[in-house]
Structures are given as C-alpha cells and as structure tokens.
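Data from model37.cif: mmCIF, C-alpha atoms
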data_protein
loop_
_atom_site.label_atom_id
_atom_site.label_comp_id
_atom_site.auth_asym_id
_atom_site.auth_seq_id
_atom_site.Cartn_x
_atom_site.Cartn_y
_atom_site.Cartn_z
CA MET A 1 0.00 0.00 0.00
CA GLU A 2 1.14 3.52 -0.77
CA PHE A 3 0.13 6.63 1.16
CA ILE A 4 0.36 10.32 0.32
CA ASN A 5 0.03 13.37 2.55
CA ALA A 6 -2.99 15.66 2.33
CA VAL A 7 -3.81 18.94 4.06
CA SER A 8 -7.53 18.72 3.36
CA ILE A 9 -9.93 15.99 2.21
CA ILE A 10 -13.25 17.85 1.85
CA GLN A 11 -13.80 20.78 -0.50
CA SER A 12 -16.91 22.98 -0.46
CA MET A 13 -18.77 23.61 -3.72
CA SER A 14 -19.88 27.06 -4.83
CA GLY A 15 -23.42 25.77 -5.37
CA GLU A 16 -25.44 22.56 -5.30
CA GLY A 17 -23.88 19.85 -7.45
CA TRP A 18 -25.03 16.51 -8.79
CA PHE A 19 -27.38 14.57 -6.53
CA ALA A 20 -27.81 17.56 -4.15
CA SER A 21 -24.13 17.49 -3.13
CA THR A 22 -22.49 20.50 -1.47
CA HIS A 23 -19.00 19.11 -0.76
CA ASN A 24 -16.46 16.91 -2.56
CA MET A 25 -14.45 14.23 -0.79
CA ASN A 26 -11.64 12.14 -2.26
CA ILE A 27 -9.97 9.81 0.22
CA TYR A 28 -7.97 8.05 -2.45
CA LYS A 29 -5.93 9.35 -5.37
CA GLY A 30 -5.75 7.50 -8.66
CA CYS A 31 -7.82 4.51 -9.77
CA ASN A 32 -6.92 0.97 -10.79
CA GLN A 33 -10.20 -0.02 -12.45
CA GLY A 34 -8.72 0.25 -15.93
CA CYS A 35 -11.66 2.03 -17.58
CA ILE A 36 -10.40 3.10 -21.00
CA TYR A 37 -12.55 6.24 -21.10
CA CYS A 38 -11.86 7.91 -17.72
CA ASP A 39 -11.59 11.70 -18.03
CA SER A 40 -9.81 11.86 -14.66
CA ARG A 41 -6.73 10.66 -16.49
CA SER A 42 -6.54 14.05 -18.26
CA SER A 43 -3.47 16.15 -17.47
CA CYS A 44 -5.54 19.07 -16.11
CA TYR A 45 -6.18 17.05 -12.93
CA LYS A 46 -2.43 16.61 -12.37
CA ILE A 47 -2.69 13.01 -11.17
CA GLU A 48 0.61 11.32 -11.92
CA ASN A 49 0.57 7.56 -12.39
CA PHE A 50 -3.23 7.65 -12.45
CA ASP A 51 -3.68 3.85 -12.62
CA LYS A 52 -2.09 3.36 -9.19
CA VAL A 53 -4.30 3.90 -6.13
CA ARG A 54 -2.82 5.78 -3.19
CA ALA A 55 -4.57 6.47 0.10
CA LYS A 56 -4.37 9.87 1.76
CA PHE A 57 -2.54 9.46 5.07
CA ASP A 58 -4.79 9.78 8.13
CA ALA A 59 -7.79 10.51 5.86
CA PRO A 60 -10.46 9.40 8.39
CA LYS A 61 -9.04 11.74 11.07
CA LEU A 62 -8.93 14.63 8.60
CA VAL A 63 -12.53 13.99 7.56
CA GLU A 64 -13.61 13.91 11.23
CA LYS A 65 -11.91 17.24 11.96
CA GLU A 66 -13.20 18.96 8.84
CA LEU A 67 -16.82 17.90 9.35
CA GLN A 68 -16.68 18.82 13.02
CA ARG A 69 -15.73 22.41 12.12
CA LYS A 70 -18.55 22.92 9.59
CA ARG A 71 -21.58 24.69 11.02
CA LYS A 72 -23.84 24.24 8.02
CA LYS A 73 -24.82 20.67 7.21
CA GLY A 74 -24.63 19.50 3.62
CA VAL A 75 -24.16 16.48 1.36
CA VAL A 76 -20.71 15.01 0.81
CA SER A 77 -20.02 13.62 -2.67
CA MET A 78 -17.50 10.85 -3.14
CA GLY A 79 -16.42 8.93 -6.21
CA GLY A 80 -16.01 11.82 -8.63
CA MET A 81 -12.27 11.32 -9.17
CA SER A 82 -11.51 7.95 -7.59
CA ASP A 83 -13.82 5.08 -6.66
CA PRO A 84 -14.14 5.07 -2.84
CA TYR A 85 -14.53 1.27 -2.94
CA ASN A 86 -11.25 0.33 -4.59
CA HIS A 87 -9.11 -2.68 -3.62
CA MET A 88 -7.31 -0.75 -0.82
CA GLU A 89 -10.63 -0.02 0.88
CA GLN A 90 -11.10 -3.74 1.54
CA LYS A 91 -8.29 -3.57 4.09
CA LEU A 92 -8.14 0.09 5.15
CA PHE A 93 -11.86 0.82 5.77
CA TYR A 94 -11.13 4.53 5.15
CA THR A 95 -14.40 5.10 3.30
CA ARG A 96 -16.37 3.34 6.02
CA GLN A 97 -14.71 5.45 8.73
CA ALA A 98 -15.53 8.59 6.74
CA LEU A 99 -19.16 7.47 6.54
CA GLU A 100 -19.20 7.06 10.30
CA SER A 101 -18.14 10.72 10.65
CA ILE A 102 -20.70 11.79 8.06
CA TYR A 103 -23.38 10.12 10.18
CA LYS A 104 -21.99 11.49 13.43
CA TYR A 105 -22.21 15.09 12.21
CA SER A 106 -25.55 14.66 10.40
CA PHE A 107 -24.26 15.20 6.86
CA GLY A 108 -25.72 13.48 3.82
CA VAL A 109 -23.77 11.53 1.22
CA SER A 110 -23.73 10.95 -2.52
CA CYS A 111 -21.62 8.01 -3.66
CA ILE A 112 -20.63 7.06 -7.20
CA THR A 113 -19.10 3.62 -7.59
CA LYS A 114 -18.67 0.55 -9.79
CA ASN A 115 -17.74 -1.80 -6.96
CA GLU A 116 -19.95 -4.25 -5.07
CA LEU A 117 -17.94 -3.54 -1.91
CA VAL A 118 -20.37 -0.64 -1.38
CA LEU A 119 -22.89 -3.23 -0.14
CA ARG A 120 -20.70 -3.74 2.93
CA ASP A 121 -21.76 -0.32 4.21
CA ILE A 122 -25.53 -0.60 3.80
CA ASP A 123 -25.95 -0.33 7.56
CA LEU A 124 -24.21 3.06 7.62
CA TYR A 125 -26.10 4.43 4.62
CA LYS A 126 -29.36 3.55 6.35
CA LYS A 127 -28.24 5.40 9.48
CA ILE A 128 -27.10 8.46 7.51
CA GLN A 129 -30.48 8.56 5.76
CA GLU A 130 -32.17 9.00 9.14
CA ASN A 131 -30.76 12.56 9.34
CA ASN A 132 -29.97 13.60 5.77
CA THR A 133 -30.02 12.50 2.14
CA VAL A 134 -28.31 9.45 0.67
CA CYS A 135 -27.88 8.69 -3.00
CA ILE A 136 -25.97 5.73 -4.44
CA GLY A 137 -25.13 6.08 -8.12
CA VAL A 138 -23.80 2.93 -9.79
CA THR A 139 -22.06 3.55 -13.11
CA ILE A 140 -23.16 1.15 -15.85
CA THR A 141 -22.09 1.77 -19.44
CA THR A 142 -23.13 -1.52 -21.03
CA ALA A 143 -25.41 -4.40 -20.13
CA ASP A 144 -23.03 -6.84 -21.83
CA ASP A 145 -20.54 -8.30 -19.33
CA ARG A 146 -18.17 -9.34 -22.12
CA LEU A 147 -17.94 -5.83 -23.54
CA GLN A 148 -17.75 -4.37 -20.04
CA SER A 149 -14.73 -6.53 -19.23
CA ARG A 150 -12.91 -5.04 -22.22
CA ILE A 151 -13.59 -1.37 -21.47
CA GLU A 152 -13.62 -1.60 -17.63
CA LYS A 153 -11.16 -4.35 -16.80
CA ASN A 154 -10.67 -4.42 -13.03
CA VAL A 155 -14.14 -3.86 -11.69
CA THR A 156 -17.40 -5.56 -10.67
CA SER A 157 -19.33 -6.89 -13.68
CA SER A 158 -22.32 -5.00 -15.06
CA SER A 159 -24.72 -7.78 -14.08
CA LYS A 160 -23.53 -7.59 -10.46
CA ARG A 161 -23.82 -3.80 -10.55
CA PHE A 162 -27.53 -4.09 -11.32
CA GLU A 163 -27.71 -6.29 -8.21
CA ILE A 164 -26.07 -3.49 -6.17
CA VAL A 165 -28.89 -1.17 -7.21
CA ARG A 166 -31.54 -3.77 -6.41
CA LYS A 167 -30.13 -4.54 -2.95
CA MET A 168 -29.74 -0.86 -2.06
CA ASN A 169 -33.35 -0.14 -2.95
CA GLU A 170 -34.55 -3.23 -1.10
CA ASN A 171 -32.93 -1.70 1.99
CA GLY A 172 -34.70 1.62 1.48
CA ILE A 173 -31.62 3.43 0.16
CA TYR A 174 -32.13 5.77 -2.78
CA ALA A 175 -30.12 4.25 -5.63
CA GLY A 176 -29.89 4.39 -9.39
CA ILE A 177 -27.58 4.32 -12.39
CA LEU A 178 -25.15 6.65 -14.11
CA MET A 179 -25.36 5.53 -17.75
CA MET A 180 -22.14 7.15 -18.87
CA PRO A 181 -20.20 7.33 -20.98
CA ILE A 182 -21.89 5.88 -24.03
CA LEU A 183 -18.98 5.35 -26.42
CA PRO A 184 -19.52 6.13 -30.11
CA PHE A 185 -19.07 3.06 -32.34
CA ILE A 186 -18.72 0.81 -29.29
CA ASN A 187 -21.80 0.75 -27.03
CA ASP A 188 -24.04 3.43 -28.63
CA THR A 189 -26.72 1.02 -29.82
CA VAL A 190 -30.47 0.88 -29.29
CA GLU A 191 -30.02 -2.68 -28.00
CA ASN A 192 -27.59 -1.57 -25.28
CA ILE A 193 -29.73 1.38 -24.15
CA THR A 194 -32.83 -0.79 -24.08
CA GLN A 195 -31.14 -3.54 -22.07
CA ILE A 196 -29.77 -1.09 -19.52
CA VAL A 197 -33.15 0.54 -18.91
CA GLU A 198 -34.98 -2.80 -18.82
CA LYS A 199 -32.51 -4.24 -16.30
CA ALA A 200 -32.57 -1.02 -14.30
CA HIS A 201 -36.35 -1.34 -14.06
CA LYS A 202 -36.04 -4.92 -12.81
CA ALA A 203 -33.55 -3.68 -10.20
CA ASN A 204 -36.04 -0.98 -9.11
CA ALA A 205 -33.58 1.78 -10.01
CA ARG A 206 -34.92 5.17 -8.92
CA PHE A 207 -33.03 7.03 -11.65
CA ILE A 208 -30.79 6.70 -14.70
CA TYR A 209 -28.62 9.73 -15.41
CA PRO A 210 -27.27 9.51 -18.98
CA SER A 211 -24.56 10.89 -21.23
CA PHE A 212 -24.70 9.87 -24.87
CA GLY A 213 -21.05 10.42 -25.64
CA VAL A 214 -17.53 10.58 -24.24
CA THR A 215 -15.06 13.36 -23.44
CA LEU A 216 -11.52 13.16 -24.81
CA ARG A 217 -8.62 15.53 -24.17
CA ASP A 218 -4.81 15.47 -24.21
CA ASN A 219 -3.23 12.37 -22.66
CA GLN A 220 -6.63 10.73 -22.01
CA ARG A 221 -7.34 10.94 -25.76
CA LEU A 222 -4.02 9.21 -26.51
CA TYR A 223 -4.70 6.53 -23.88
CA PHE A 224 -8.20 5.89 -25.26
CA PHE A 225 -7.02 5.64 -28.86
CA GLU A 226 -4.29 3.21 -27.83
CA LYS A 227 -6.86 0.96 -26.18
CA ILE A 228 -9.48 0.95 -28.96
CA GLY A 229 -7.07 0.25 -31.80
CA GLU A 230 -6.27 1.80 -35.16
CA LYS A 231 -9.55 1.14 -36.97
CA LEU A 232 -11.78 2.70 -34.30
CA THR A 233 -9.31 5.55 -33.80
CA GLU A 234 -9.66 6.44 -37.46
CA GLN A 235 -13.46 6.48 -37.06
CA TYR A 236 -13.19 8.83 -34.09
CA ILE A 237 -10.83 11.21 -35.85
CA SER A 238 -13.00 11.22 -38.97
CA ALA A 239 -16.21 11.85 -36.98
CA PHE A 240 -14.99 14.22 -34.24
CA GLY A 241 -11.57 15.58 -35.18
CA GLU A 242 -10.05 17.20 -32.08
CA SER A 243 -13.39 17.82 -30.34
CA TYR A 244 -13.42 17.47 -26.56
CA VAL A 245 -17.02 16.23 -26.48
CA CYS A 246 -17.66 13.28 -28.79
CA THR A 247 -21.42 12.78 -28.92
CA SER A 248 -22.82 9.62 -30.49
CA GLN A 249 -23.97 10.08 -34.05
CA ASN A 250 -27.01 8.03 -33.03
CA TYR A 251 -27.81 10.51 -30.25
CA LYS A 252 -31.35 11.47 -31.34
CA GLU A 253 -32.48 7.89 -31.81
CA LEU A 254 -30.86 6.70 -28.58
CA LYS A 255 -32.27 9.61 -26.57
CA LYS A 256 -35.80 8.95 -27.83
CA VAL A 257 -35.63 5.25 -26.98
CA PHE A 258 -34.17 6.09 -23.57
CA VAL A 259 -36.75 8.75 -22.68
CA ASP A 260 -39.67 6.59 -23.87
CA LEU A 261 -38.54 3.65 -21.75
CA CYS A 262 -37.84 5.77 -18.67
CA SER A 263 -41.27 7.35 -19.00
CA LYS A 264 -42.84 3.90 -19.35
CA TYR A 265 -41.18 2.70 -16.14
CA ASN A 266 -41.38 6.01 -14.25
CA ILE A 267 -37.60 6.25 -13.90
CA LYS A 268 -36.19 9.75 -13.35
CA TYR A 269 -33.45 10.86 -15.75
CA LYS A 270 -33.19 14.66 -15.41
CA MET A 271 -30.89 15.87 -12.63
CA GLU A 272 -33.39 18.42 -11.32
CA ASP A 273 -36.04 15.69 -11.00
CA ILE A 274 -33.57 13.32 -9.34
CA VAL A 275 -32.53 15.96 -6.79
CA LYS A 276 -36.18 16.77 -6.05
CA GLU A 277 -36.94 13.10 -5.43
CA ILE A 278 -33.85 12.69 -3.23
CA LYS A 279 -35.05 15.53 -1.01
CA GLU A 280 -38.62 14.17 -0.96
CA THR A 281 -37.24 10.78 0.08
CA LYS A 282 -35.45 12.46 2.99
CA ILE A 283 -38.66 14.13 4.18
CA LEU A 284 -40.63 10.88 3.84
CA GLN A 285 -37.94 8.92 5.68
CA GLN A 286 -37.85 11.38 8.58
CA THR A 287 -41.65 11.47 8.81
CA THR A 288 -41.69 7.67 9.02
CA LEU A 289 -39.06 7.73 11.76
CA ASP A 290 -41.06 10.30 13.74
CA LEU A 291 -44.09 8.00 13.67
#

Same coordinates, now as structure tokens:
Amino acid sequence: MEFINAVSIIQSMSGEGWFASTHNMNIYKGCNQGCIYCDSRSSCYKIENFDKVRAKFDAPKLVEKELQRKRKKGVVSMGGMSDPYNHMEQKLFYTRQALESIYKYSFGVSCITKNELVLRDIDLYKKIQENNTVCIGVTITTADDRLQSRIEKNVTSSSKRFEIVRKMNENGIYAGILMMPILPFINDTVENITQIVEKAHKANARFIYPSFGVTLRDNQRLYFFEKIGEKLTEQYISAFGESYVCTSQNYKELKKVFVDLCSKYNIKYKMEDIVKEIKETKILQQTTLDL
C-alpha cells in the first residue's frame, strides 16, 4: 500500500452539485479499475501515475476534523475522481470510517461507484439517511458483461452492478444508475440502451442519469485511442476531429428510446427531478421515523 500526505480531504462547492451534493471528498488518489474512457486521467487534474491507487494518510481523522468544524450541514459527494470502494478499501476501511463521521455530524452523502464492496456499508447508509439524504449512483455503461470486461477491466461486472442497485433499494436506500459514458461506435446502440433501462427497471432503479457520448482531451485521448485500436481511432478522428465532447452520431435515436422507456417505467433521468426526489425521500424517511 502507498500513502500520500494531504492537508484537506473535503472541498466545499460554490453551489449545489449533482445529486444535491455540497462538498467533494476524495480519500484516495488514482484509480486501478482500468476504464479506457476515464476523463480523470486528463493532465488538467495533475494526477501522476493515475492507474495506481494511493490512500491519503490519516484521511479518516482529517474527515472527522473537517466535518466537526462545519456549522452548516450538507451532502458530501465521493467517487467523482476515484472510486471510494477500490481494492485498498477492503483492508483500510477509510471510506467506512468517513461514513461514520458523516453520520456522526448529520451530513448526507452521494456516492458514485462501480464496486460491489459498497454493499458492505448498507448499515451506515441507512443510518445516515435518518438525518440527511443518501444517494448511491452505480455507473453502468453496457449491459453486456463481455464488452464491459474489455472497457472496464478491473471492476465488478455490469450484471452484479444491477444487483447493487436492487439490494440498495430493497434496503430503502435511494439508488440508481449513471449511464455514462456511451462510447460512439462501441456501445451506442439501441439494443444496449434498451437492455440497460430494462434491467434497471427490474432492479427498481430510482433514476438513470445519462450521457450519450464521451469526453476526450490530451493524454486521455491518446490513452483511449491506444486501447481501442487503429480502426476505431480512425473512425473517431473522422467523426470528431479534435473535439473534446464526442457525442454519439445516433444521439437522437438513442435519446428517444431512452426517454420513452424511462417514462414507461417512471424512472427519473433529469438531474433536477432526481434531486427533487432525493429531497422528498429524505422528508418521507424522517416522517416515518417520527411515527
């Protein structure tokens, strides 16, 4: 295991972010999941040796101190730059200790992950939800486990990720799917979108937040092209040139299929609607507890 020093773990946002979050928290630096499309590999984030996970030394103590000093309660987001349930978490329990502090000081939490280890902490998420909001977002880019293993090598399979969503919701925890990125020429098919929404429905997903494309810049672009091979690289360059945002050429068709299916199953997909439902869930949960 490798550790790095950190002065601060939690950063305040200027406004409300995704899933009603007000603070960012990254206990780990780097990620070993091997996703070929990860924008966090871009040089602007200044993460050297991105594919190696390092824990921030004494992170749980820093989180405890920082939350203790904050007068205004908010929602702590984790998983934006590094999955909080990576292989080091199995032994360190840093994320779990941070969740204990989040509960202790009545903060809420928004967690983005691809790892079934998140199920270990169901008990804490249920306790946090007694006082504030909880949202678990499980990233799923394809319903095909074989394709998933090629574009996201060191991570829980897609089929098991649907099970994460199902188990979270069975335990009364607000959970859904981040359907992103959808990679042009790779997983941007009607079949893939349909399968994801259908399986999300079976897992009782409360939301699916989509992105029908991928972002590519500097060294991440080079890494991505290296992984997809010469033929697909030529297709990308021909279709998108040097564009940062590479939106699927099938966007309109995919979006229509997606919206129609989400409407059919009453699955939220707009961030403002998701945030509204998260807050309504908090009110309902607290009312139930009061009774």

Enumerate, as a list in words, the protein, DNA and RNA residues whose atoms approach (-25.9, 1.1, 7.4) to within 10 Å, taking into account only C-alpha atoms and the coordinate frame of the file.
Arg96, Leu99, Glu100, Tyr103, Leu119, Arg120, Asp121, Ile122, Asp123, Leu124, Tyr125, Lys126, Lys127, Ile128, Gln129, Asn171 and Ile173 of chain A

Counting all atoms listed in the file, which residues of stretch 103-167 of chain A sit at most 9 Å from some atom of stretch 203-213 of chain A, and what is each one's closest atom pair with its distance in Å to one decimal, listed by chain and rising residue number, as JSON lines?
{"residue": "A:Gly137", "atom": "CA", "partner": "A:Ile208", "partner_atom": "CA", "distance": 8.7}
{"residue": "A:Phe162", "atom": "CA", "partner": "A:Ala203", "partner_atom": "CA", "distance": 6.1}
{"residue": "A:Glu163", "atom": "CA", "partner": "A:Ala203", "partner_atom": "CA", "distance": 6.7}
{"residue": "A:Ile164", "atom": "CA", "partner": "A:Ala203", "partner_atom": "CA", "distance": 8.5}
{"residue": "A:Val165", "atom": "CA", "partner": "A:Ala203", "partner_atom": "CA", "distance": 6.1}
{"residue": "A:Arg166", "atom": "CA", "partner": "A:Ala203", "partner_atom": "CA", "distance": 4.3}
{"residue": "A:Lys167", "atom": "CA", "partner": "A:Ala203", "partner_atom": "CA", "distance": 8.1}

Give me the residues near A:Lys73 as a PyMOL selection string, where near means some atom within 7 Å (using all atoms listed in the file) and where sequence neighbours in that chain fewer than 2 positions away do not count.
chain A and resi 71+106-107

Who sits within 12 Å of A:Gly80, all atoms listed in the file, same chain under 4 positions skipped, as a ChimeraX atom specification
/A:17-19,21,23-31,38-40,45,76,84,110-114,137-139,178

Output of the above residues as a short mmCIF file (atom, residue, chain, number, x, y, z; two decimals), keeping the file's coordinate frame, restricted to C-alpha atoms:
data_model
loop_
_atom_site.label_atom_id
_atom_site.label_comp_id
_atom_site.auth_asym_id
_atom_site.auth_seq_id
_atom_site.Cartn_x
_atom_site.Cartn_y
_atom_site.Cartn_z
CA GLY A 17 -23.88 19.85 -7.45
CA TRP A 18 -25.03 16.51 -8.79
CA PHE A 19 -27.38 14.57 -6.53
CA SER A 21 -24.13 17.49 -3.13
CA HIS A 23 -19.00 19.11 -0.76
CA ASN A 24 -16.46 16.91 -2.56
CA MET A 25 -14.45 14.23 -0.79
CA ASN A 26 -11.64 12.14 -2.26
CA ILE A 27 -9.97 9.81 0.22
CA TYR A 28 -7.97 8.05 -2.45
CA LYS A 29 -5.93 9.35 -5.37
CA GLY A 30 -5.75 7.50 -8.66
CA CYS A 31 -7.82 4.51 -9.77
CA CYS A 38 -11.86 7.91 -17.72
CA ASP A 39 -11.59 11.70 -18.03
CA SER A 40 -9.81 11.86 -14.66
CA TYR A 45 -6.18 17.05 -12.93
CA VAL A 76 -20.71 15.01 0.81
CA PRO A 84 -14.14 5.07 -2.84
CA SER A 110 -23.73 10.95 -2.52
CA CYS A 111 -21.62 8.01 -3.66
CA ILE A 112 -20.63 7.06 -7.20
CA THR A 113 -19.10 3.62 -7.59
CA LYS A 114 -18.67 0.55 -9.79
CA GLY A 137 -25.13 6.08 -8.12
CA VAL A 138 -23.80 2.93 -9.79
CA THR A 139 -22.06 3.55 -13.11
CA LEU A 178 -25.15 6.65 -14.11
#

Would you work out the distance separating atom CA of A:Lys264 from atom CA of A:Pro181, expressed in Å to one decimal?
23.0 Å

Within 7 Å of A:Ala20, counting all atoms listed in the file, which residues show up once you throw out same-chain ones fewer than 3 positions away? Write them as a PyMOL selection string, please.
chain A and resi 16-17+75+275

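A straight line drawn from atom CA of A:Lys56 to atom CA of A:Arg217 is 26.9 Å long.
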
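With only C-alpha atoms as the basis for measurement, A:Pro184 is the residue among A:Pro184, A:Gln33, A:Glu198, A:Ala59 that approaches A:Leu232 most closely.
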
When you count all atoms listed in the file, which of these residues is closest to A:Met179: A:Thr281, A:Tyr269, A:Gln235, A:Phe3?
A:Tyr269

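Closest approach to A:Ser8 among A:Asp51, A:Glu64, A:Asp188, A:Glu170: A:Glu64, based on all atoms listed in the file.
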
Taking the file as shown, find all residues satisfying the PyMOL selection byres ((chain A and resi 251-253) around 10) and write them as a compact mmCIF listing (two decimals) with C-alpha atoms, keeping the file's coordinate frame.
# COMPACT_ATOMS: atom_id res chain seq x y z
CA ILE A 182 -21.89 5.88 -24.03
CA PRO A 184 -19.52 6.13 -30.11
CA ASP A 188 -24.04 3.43 -28.63
CA THR A 189 -26.72 1.02 -29.82
CA VAL A 190 -30.47 0.88 -29.29
CA SER A 211 -24.56 10.89 -21.23
CA PHE A 212 -24.70 9.87 -24.87
CA GLY A 213 -21.05 10.42 -25.64
CA THR A 247 -21.42 12.78 -28.92
CA SER A 248 -22.82 9.62 -30.49
CA GLN A 249 -23.97 10.08 -34.05
CA ASN A 250 -27.01 8.03 -33.03
CA LEU A 254 -30.86 6.70 -28.58
CA LYS A 255 -32.27 9.61 -26.57
CA LYS A 256 -35.80 8.95 -27.83
CA VAL A 257 -35.63 5.25 -26.98
CA PHE A 258 -34.17 6.09 -23.57

Would you mind listing what lies within 8 Å of stretch 140-156 of chain A as an MDAnalysis selection string, with all atoms listed in the file counted and same-chain residues fewer than 6 positions away left out?
chainID A and resid 32:37 114:116 177:182 187 192:193 195:196

Take stretch 222-245 of chain A, bring it up to N, CA and C atoms, and give me the output as a PDB file, keeping the file's coordinate frame.
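The result, written out as part25.pdb:
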ATOM      1  N   LEU A 222      -5.057  10.124 -26.030  1.00  0.00           N
ATOM      2  CA  LEU A 222      -4.020   9.210 -26.510  1.00  0.00           C
ATOM      3  C   LEU A 222      -4.186   7.821 -25.887  1.00  0.00           C
ATOM      4  N   TYR A 223      -4.498   7.796 -24.590  1.00  0.00           N
ATOM      5  CA  TYR A 223      -4.700   6.530 -23.880  1.00  0.00           C
ATOM      6  C   TYR A 223      -5.892   5.774 -24.480  1.00  0.00           C
ATOM      7  N   PHE A 224      -6.979   6.486 -24.712  1.00  0.00           N
ATOM      8  CA  PHE A 224      -8.200   5.890 -25.260  1.00  0.00           C
ATOM      9  C   PHE A 224      -7.950   5.321 -26.651  1.00  0.00           C
ATOM     10  N   PHE A 225      -7.303   6.095 -27.499  1.00  0.00           N
ATOM     11  CA  PHE A 225      -7.020   5.640 -28.860  1.00  0.00           C
ATOM     12  C   PHE A 225      -6.113   4.406 -28.856  1.00  0.00           C
ATOM     13  N   GLU A 226      -5.183   4.374 -27.937  1.00  0.00           N
ATOM     14  CA  GLU A 226      -4.290   3.210 -27.830  1.00  0.00           C
ATOM     15  C   GLU A 226      -5.072   1.957 -27.493  1.00  0.00           C
ATOM     16  N   LYS A 227      -6.085   2.116 -26.639  1.00  0.00           N
ATOM     17  CA  LYS A 227      -6.860   0.960 -26.180  1.00  0.00           C
ATOM     18  C   LYS A 227      -7.878   0.474 -27.211  1.00  0.00           C
ATOM     19  N   ILE A 228      -8.429   1.367 -28.022  1.00  0.00           N
ATOM     20  CA  ILE A 228      -9.480   0.950 -28.960  1.00  0.00           C
ATOM     21  C   ILE A 228      -8.920   0.461 -30.298  1.00  0.00           C
ATOM     22  N   GLY A 229      -7.673   0.739 -30.574  1.00  0.00           N
ATOM     23  CA  GLY A 229      -7.070   0.250 -31.800  1.00  0.00           C
ATOM     24  C   GLY A 229      -7.166   1.208 -32.974  1.00  0.00           C
ATOM     25  N   GLU A 230      -6.422   0.898 -34.020  1.00  0.00           N
ATOM     26  CA  GLU A 230      -6.270   1.800 -35.160  1.00  0.00           C
ATOM     27  C   GLU A 230      -7.572   2.047 -35.922  1.00  0.00           C
ATOM     28  N   LYS A 231      -8.337   1.002 -36.163  1.00  0.00           N
ATOM     29  CA  LYS A 231      -9.550   1.140 -36.970  1.00  0.00           C
ATOM     30  C   LYS A 231     -10.562   2.074 -36.300  1.00  0.00           C
ATOM     31  N   LEU A 232     -10.835   1.846 -35.024  1.00  0.00           N
ATOM     32  CA  LEU A 232     -11.780   2.700 -34.300  1.00  0.00           C
ATOM     33  C   LEU A 232     -11.232   4.106 -34.122  1.00  0.00           C
ATOM     34  N   THR A 233      -9.924   4.221 -33.922  1.00  0.00           N
ATOM     35  CA  THR A 233      -9.310   5.550 -33.800  1.00  0.00           C
ATOM     36  C   THR A 233      -9.551   6.371 -35.048  1.00  0.00           C
ATOM     37  N   GLU A 234      -9.413   5.746 -36.198  1.00  0.00           N
ATOM     38  CA  GLU A 234      -9.660   6.440 -37.460  1.00  0.00           C
ATOM     39  C   GLU A 234     -11.113   6.903 -37.559  1.00  0.00           C
ATOM     40  N   GLN A 235     -12.044   6.089 -37.059  1.00  0.00           N
ATOM     41  CA  GLN A 235     -13.460   6.480 -37.060  1.00  0.00           C
ATOM     42  C   GLN A 235     -13.695   7.694 -36.167  1.00  0.00           C
ATOM     43  N   TYR A 236     -13.052   7.697 -35.010  1.00  0.00           N
ATOM     44  CA  TYR A 236     -13.190   8.830 -34.090  1.00  0.00           C
ATOM     45  C   TYR A 236     -12.633  10.108 -34.697  1.00  0.00           C
ATOM     46  N   ILE A 237     -11.454  10.025 -35.257  1.00  0.00           N
ATOM     47  CA  ILE A 237     -10.830  11.210 -35.850  1.00  0.00           C
ATOM     48  C   ILE A 237     -11.657  11.734 -37.021  1.00  0.00           C
ATOM     49  N   SER A 238     -12.178  10.828 -37.827  1.00  0.00           N
ATOM     50  CA  SER A 238     -13.000  11.220 -38.970  1.00  0.00           C
ATOM     51  C   SER A 238     -14.302  11.883 -38.512  1.00  0.00           C
ATOM     52  N   ALA A 239     -14.904  11.350 -37.445  1.00  0.00           N
ATOM     53  CA  ALA A 239     -16.210  11.850 -36.980  1.00  0.00           C
ATOM     54  C   ALA A 239     -16.092  13.099 -36.109  1.00  0.00           C
ATOM     55  N   PHE A 240     -15.045  13.175 -35.261  1.00  0.00           N
ATOM     56  CA  PHE A 240     -14.990  14.220 -34.240  1.00  0.00           C
ATOM     57  C   PHE A 240     -13.764  15.123 -34.308  1.00  0.00           C
ATOM     58  N   GLY A 241     -12.775  14.761 -35.109  1.00  0.00           N
ATOM     59  CA  GLY A 241     -11.570  15.580 -35.180  1.00  0.00           C
ATOM     60  C   GLY A 241     -10.918  15.697 -33.814  1.00  0.00           C
ATOM     61  N   GLU A 242     -10.671  16.944 -33.380  1.00  0.00           N
ATOM     62  CA  GLU A 242     -10.050  17.200 -32.080  1.00  0.00           C
ATOM     63  C   GLU A 242     -11.067  17.621 -31.015  1.00  0.00           C
ATOM     64  N   SER A 243     -12.339  17.393 -31.267  1.00  0.00           N
ATOM     65  CA  SER A 243     -13.390  17.820 -30.340  1.00  0.00           C
ATOM     66  C   SER A 243     -13.217  17.176 -28.963  1.00  0.00           C
ATOM     67  N   TYR A 244     -13.463  17.974 -27.932  1.00  0.00           N
ATOM     68  CA  TYR A 244     -13.420  17.470 -26.560  1.00  0.00           C
ATOM     69  C   TYR A 244     -14.612  16.567 -26.282  1.00  0.00           C
ATOM     70  N   VAL A 245     -15.799  17.012 -26.675  1.00  0.00           N
ATOM     71  CA  VAL A 245     -17.020  16.230 -26.480  1.00  0.00           C
ATOM     72  C   VAL A 245     -17.313  15.455 -27.749  1.00  0.00           C
TER      73      VAL A 245
END
